[in-house]
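As stored in input_32.txt (compact mmCIF, C-alpha atoms):
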# COMPACT_ATOMS: atom_id res chain seq x y z
CA MET P 69 75.19 99.59 111.83
CA GLN P 70 78.07 97.31 110.85
CA ASN P 71 75.67 94.37 110.79
CA LEU P 72 74.12 95.80 107.64
CA GLU P 73 75.39 94.52 104.32
CA PRO P 74 78.02 96.83 102.82
CA ASN P 75 76.80 99.09 100.03
CA PHE P 76 79.80 98.07 97.91
CA TYR P 77 83.45 97.03 98.07
CA LEU P 78 86.47 99.22 97.30
CA VAL P 79 89.66 97.99 95.67
CA SER P 80 92.57 100.42 95.76
CA GLY P 81 96.33 100.38 95.81
CA GLU P 82 99.14 99.67 93.42
CA ARG P 83 100.65 96.37 92.36
CA SER P 84 103.42 97.03 94.86
CA ASP P 85 100.88 97.56 97.63
CA PRO P 86 97.74 95.54 96.83
CA GLN P 87 94.87 95.93 99.22
CA SER P 88 92.17 93.47 100.20
CA PRO P 89 88.63 94.44 99.22
CA THR P 90 87.33 97.04 101.64
CA ALA P 91 83.68 96.96 102.64
CA CYS P 92 82.02 100.38 102.42
CA TRP P 93 78.89 101.79 104.02
CA THR P 94 77.68 105.12 102.68
CA GLU P 95 77.08 107.83 105.27
CA LEU P 96 77.07 111.40 103.96
CA ARG P 97 77.07 113.39 100.75
CA LEU P 98 79.41 116.38 100.48
CA ARG P 99 80.20 119.03 97.89
CA ASP P 100 82.84 121.55 96.92
CA THR P 101 82.80 124.48 94.52
CA VAL P 102 82.84 122.20 91.48
CA ARG P 103 80.79 119.09 92.26
CA ASP P 104 78.24 117.82 94.74
CA ASP P 105 78.83 114.08 94.65
CA TYR P 106 81.54 113.42 97.20
CA MET P 107 80.62 110.41 99.32
CA LEU P 108 81.64 109.75 102.91
CA VAL P 109 81.92 106.03 103.58
CA ARG P 110 82.72 104.01 106.66
CA ILE P 111 85.18 101.25 105.79
CA ASP P 112 86.16 97.87 107.14
CA PRO P 113 88.92 96.89 107.55
CA PRO P 114 90.33 100.31 108.46
CA ILE P 115 93.52 101.67 106.88
CA LEU P 116 96.63 101.90 109.04
CA GLY P 117 97.16 105.56 109.82
CA GLN P 118 100.88 105.29 110.44
CA LYS P 119 101.63 105.62 106.72
CA TYR P 120 99.93 109.02 106.80
CA GLY P 121 101.56 110.31 109.96
CA LEU P 122 98.61 109.46 112.20
CA GLY P 123 100.49 107.21 114.59
CA ALA P 124 98.23 104.56 116.09
CA LEU P 125 95.10 106.24 114.76
CA ASN P 126 93.54 104.21 111.98
CA ILE P 127 91.45 105.56 109.12
CA ASP P 128 87.90 104.21 109.25
CA HIS P 129 86.21 106.75 106.98
CA LEU P 130 87.06 107.83 103.45
CA ILE P 131 85.79 110.34 100.95
CA LEU P 132 85.12 108.99 97.46
CA SER P 133 84.34 110.77 94.21
CA ALA P 134 83.88 109.57 90.67
CA ARG P 135 87.19 109.70 88.80
CA LEU P 136 85.88 109.78 85.26
CA ALA P 137 84.15 112.73 83.65
CA GLY P 138 80.39 112.45 83.39
CA ARG P 139 80.12 109.84 86.14
CA SER P 140 78.63 110.30 89.59
CA LEU P 141 78.27 108.29 92.77
CA TYR P 142 74.66 109.50 93.07
CA PRO P 143 73.63 107.11 91.76
CA ILE P 144 76.32 104.68 90.63
CA LYS P 145 75.21 103.57 87.17
CA GLU P 146 78.23 101.58 86.00
CA TRP P 147 80.22 98.87 87.79
CA PRO P 148 83.05 98.80 88.47
CA CYS P 149 83.01 102.50 89.26
CA HIS P 150 86.35 104.33 89.12
CA VAL P 151 86.91 106.66 92.07
CA TYR P 152 89.34 109.03 93.70
CA VAL P 153 90.03 107.85 97.26
CA MET P 154 90.66 110.54 99.86
CA ARG P 155 91.28 110.63 103.58
CA ILE P 156 89.83 113.36 105.74
CA VAL P 157 92.31 115.98 106.93
CA ASN P 158 89.83 118.44 108.41
CA ASP P 159 86.98 116.87 110.39
CA GLN P 160 84.94 120.06 110.12
CA ILE P 161 83.79 118.97 106.67
CA LEU P 162 81.62 116.36 108.36
CA LYS P 163 79.61 119.23 109.87
CA THR P 164 79.65 121.67 106.98
CA LEU P 165 79.34 118.97 104.30
CA PHE P 166 81.56 121.23 102.19
CA LEU P 167 85.20 120.52 101.41
CA GLY P 168 88.13 122.47 100.06
CA LYS P 169 91.24 121.03 98.45
CA ALA P 170 93.19 121.18 101.73
CA ASP P 171 90.45 119.44 103.73
CA VAL P 172 91.18 116.06 102.19
CA GLN P 173 94.22 114.20 100.90
CA MET P 174 93.99 111.98 97.86
CA ILE P 175 95.58 108.69 98.85
CA SER P 176 94.75 106.43 95.94
CA TRP P 177 92.63 105.63 92.94
CA GLY P 178 90.22 102.76 93.23
CA THR P 179 87.27 100.87 91.85
CA LEU P 180 83.96 100.08 93.49
CA HIS P 181 82.38 96.66 93.10
CA ARG P 182 78.93 95.39 93.99
CA THR P 183 80.13 92.18 95.62
CA PHE P 184 83.12 90.95 97.59
CA GLU P 185 83.72 88.25 94.97
CA GLU P 186 84.00 90.76 92.13
CA ALA P 187 86.38 92.88 94.18
CA ALA P 188 88.48 89.90 95.23
CA ALA P 189 88.90 88.88 91.59
CA VAL P 190 90.37 92.31 90.82
CA VAL P 191 92.79 92.05 93.73
CA SER P 192 93.90 88.62 92.50
CA ALA P 193 94.60 90.07 89.06
CA LEU P 194 96.67 92.85 90.65
CA VAL P 195 99.02 90.43 92.34
CA GLU P 196 99.49 88.10 89.35
CA PRO P 197 102.95 88.30 87.76
CA SER P 198 103.02 90.64 84.78
CA THR P 199 104.34 89.81 81.34
CA PRO P 200 107.70 91.47 80.72
CA PRO P 201 107.99 93.89 77.79
CA LYS P 202 108.82 92.24 74.45
CA MET D 224 99.00 104.19 75.19
CA PHE D 225 100.64 105.10 78.48
CA GLY D 226 99.71 103.65 81.87
CA ASN D 227 99.68 100.63 84.13
CA PRO D 228 98.24 97.27 82.98
CA ALA D 229 97.48 96.30 86.56
CA GLY D 230 95.35 99.38 87.08
CA GLY D 231 93.59 99.37 83.73
CA SER D 232 93.85 103.15 83.32
CA PHE D 233 95.77 104.60 80.39
CA THR D 234 96.07 107.79 78.43
CA THR D 235 96.80 108.54 74.82
CA VAL D 236 98.94 111.51 75.84
CA ASP D 237 102.67 111.15 76.30
CA PRO D 238 103.29 112.43 79.86
CA ALA D 239 106.49 114.06 78.67
CA THR D 240 104.43 116.49 76.58
CA VAL D 241 102.35 117.74 79.54
CA GLY D 242 103.82 120.45 81.74
CA ASP D 243 102.34 119.22 85.03
CA PHE D 244 101.21 115.71 84.28
CA ARG D 245 100.79 114.81 87.95
CA THR D 246 98.13 117.46 88.44
CA ALA D 247 96.53 117.00 85.04
CA ALA D 248 96.15 113.26 85.60
CA GLY D 249 95.07 113.57 89.23
CA LEU D 250 97.90 111.34 90.43
CA TYR D 251 98.08 110.78 94.18
CA PRO D 252 101.25 110.91 96.32
CA GLY D 253 101.54 107.12 96.52
CA ASN D 254 102.01 106.98 92.77
CA THR D 255 105.68 107.86 92.54
CA GLY D 256 105.56 108.66 88.84
CA GLU D 257 109.00 107.17 88.36
CA PHE D 258 108.15 104.97 85.40
CA VAL D 259 106.10 105.29 82.24
CA LEU D 260 104.81 102.24 80.44
CA ARG D 261 104.14 102.54 76.72
CA GLY D 262 102.10 99.98 74.82
CA THR D 263 99.74 99.30 71.95
CA LEU D 264 96.07 98.45 72.38
CA THR D 265 95.48 95.18 70.56
CA ASP D 266 91.85 94.50 71.48
CA THR D 267 89.24 97.22 71.94
CA THR D 268 86.59 94.97 73.46
CA GLY D 269 85.08 96.69 76.47
CA VAL D 270 87.42 99.67 76.19
CA THR D 271 86.04 103.04 77.29
CA THR D 272 87.48 106.39 76.27
CA THR D 273 86.73 109.42 78.41
CA THR D 274 88.50 112.12 80.38
CA ALA D 275 89.45 112.16 84.03
CA ALA D 276 87.18 114.18 86.30
CA PRO D 277 88.72 116.94 88.43
CA GLY D 278 90.07 115.96 91.82
CA PRO D 279 89.17 117.69 95.10
CA GLY D 280 88.89 121.42 94.71
CA GLY D 281 88.38 121.09 90.98
CA VAL D 282 92.08 120.57 90.36
CA GLY D 283 93.35 118.47 87.48
CA GLY D 284 91.51 115.84 85.55
CA THR D 285 92.07 117.31 82.12
CA ILE D 286 93.72 114.57 80.12
CA PRO D 287 92.17 111.81 78.00
CA GLU D 288 91.69 108.53 79.82
CA VAL D 289 91.28 105.05 78.38
CA ILE D 290 89.85 102.33 80.62
CA VAL D 291 90.96 98.87 79.47
CA PRO D 292 89.41 95.88 81.24
CA ASP D 293 91.76 92.89 81.42
CA ALA D 294 94.53 95.19 80.21
CA LYS D 295 97.25 92.61 80.65
CA ASN D 296 95.78 90.69 77.72
CA LYS D 297 94.90 93.71 75.58
CA ILE D 298 97.95 95.94 75.84
CA ASP D 299 101.11 94.94 74.00
CA VAL D 300 103.77 96.53 76.19
CA THR D 301 106.58 98.04 74.15
CA SER D 302 108.62 99.80 76.80
CA VAL D 303 108.88 100.73 80.44
CA THR D 304 111.10 103.74 80.97
CA GLY D 305 112.29 105.65 83.99
CA VAL D 306 111.27 109.28 84.36
CA HIS D 307 113.76 111.82 85.68
CA PRO D 308 112.62 113.78 87.50
CA PRO D 309 109.49 111.77 88.40
CA LEU D 310 106.11 112.98 87.20
Please re-express this file's structure in structure tokens.
Amino acid sequence: MQNLEPNFYLVSGERSDPQSPTACWTELRLRDTVRDDYMLVRIDPPILGQKYGLGALNIDHLILSARLAGRSLYPIKEWPCHVYVMRIVNDQILKTLFLGKADVQMISWGTLHRTFEEAAAVVSALVEPSTPPK
Amino acid sequence: MFGNPAGGSFTTVDPATVGDFRTAAGLYPGNTGEFVLRGTLTDTTGVTTTTAAPGPGGVGGTIPEVIVPDAKNKIDVTSVTGVHPPL
């Protein structure tokens, strides 16, 4: 499975905590009461779970959804694509394919990019020094 | 304009005028909401104006959103102020 090319690359995190581009493989489509375009992705590298109280357990799957009104991940029509990035709190959603607000935790905003190079360029821009206010 | 040049996402709404800006903007816990950057858009090339979509459970996502590619070169930052209490 992991030998397949990633479907896209995720960039997330703040300037204070920049993340390397994360390769994403799409796996499942989920819905809630409002929308039906939540996307389960396997990621590499995984996210350290310690920050989220998971101890040594790393996060290797995320839920993504389009962050801008009128956009969808099925299909992605514009790149980069702005997304909400969520971790799974309740594994049952992987069976029901239906999630409630408490079943996931939003951990970041992010953008999806078609290639590693495009994603890496965004990360580089994040870590460049900013211009101080005039 | 209010937002973060590194992230490229801004709003035209002053967060101080929104009762629960954190929910309305769909901010996540890692965004401490301790500072608000105010600036002027000097170049509209590639700029997209929309609204944020609701987060999980249909919560939030109600405020205008302005996506500014290469924001560091298109936003003239006028102030960065602390917010007490945080958003």
Taking all atoms listed in the file into account, what are the residues of chain P at most 6 Å from chain D, put as a ChimeraX atom specification? /P:102,135-137,168-169,174-176,194,201
For atom CA of Gln118 of chain P and atom CA of Leu130 of chain P, determine how far apart the two atoms are, in Å to one decimal place. 15.7 Å
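With distances restricted to all atoms listed in the file, P:Tyr77 is the closest residue to Val190 of chain P from P:Tyr120, P:Tyr77, P:Tyr106, P:Tyr152.
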Interatomic distance between atom CA of Val236 of chain D and atom CA of Ala248 of chain D? 10.3 Å
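A straight line drawn from atom CA of Phe244 of chain D to atom CA of His307 of chain D is 13.2 Å long.
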Got a sec: who's within 6 Å of Phe258 of chain D, counting all atoms listed in the file, leaving out chain neighbours fewer than 5 positions off, as a PyMOL selection string? chain D and resi 304-306
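Among P:Ile131, P:Val79, P:Ala189, P:Met107, the residue with the shortest atom-to-atom distance to Ile156 of chain P, counting only C-alpha atoms, is P:Ile131.
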With only C-alpha atoms counted and 9 Å as the cut-off, give the residues of segment 83-176 of chain P in contact with segment 180-186 of chain P, each with its shortest interatomic distance in Å and the pair that gives it, as a tab-separated table.
residue	atom	partner	partner_atom	distance
P:Pro89	CA	P:Phe184	CA	6.7
P:Thr90	CA	P:Phe184	CA	8.4
P:Ala91	CA	P:Phe184	CA	7.9
P:Trp147	CA	P:His181	CA	6.1
P:Pro148	CA	P:His181	CA	5.1
P:Cys149	CA	P:Leu180	CA	5.0
P:His150	CA	P:Leu180	CA	6.5
P:Val151	CA	P:Leu180	CA	7.3
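Nearest to Thr246 of chain D of all the residues D:Thr265, D:Leu310, D:Gly283, D:Phe225 is D:Gly283, counting all atoms listed in the file.
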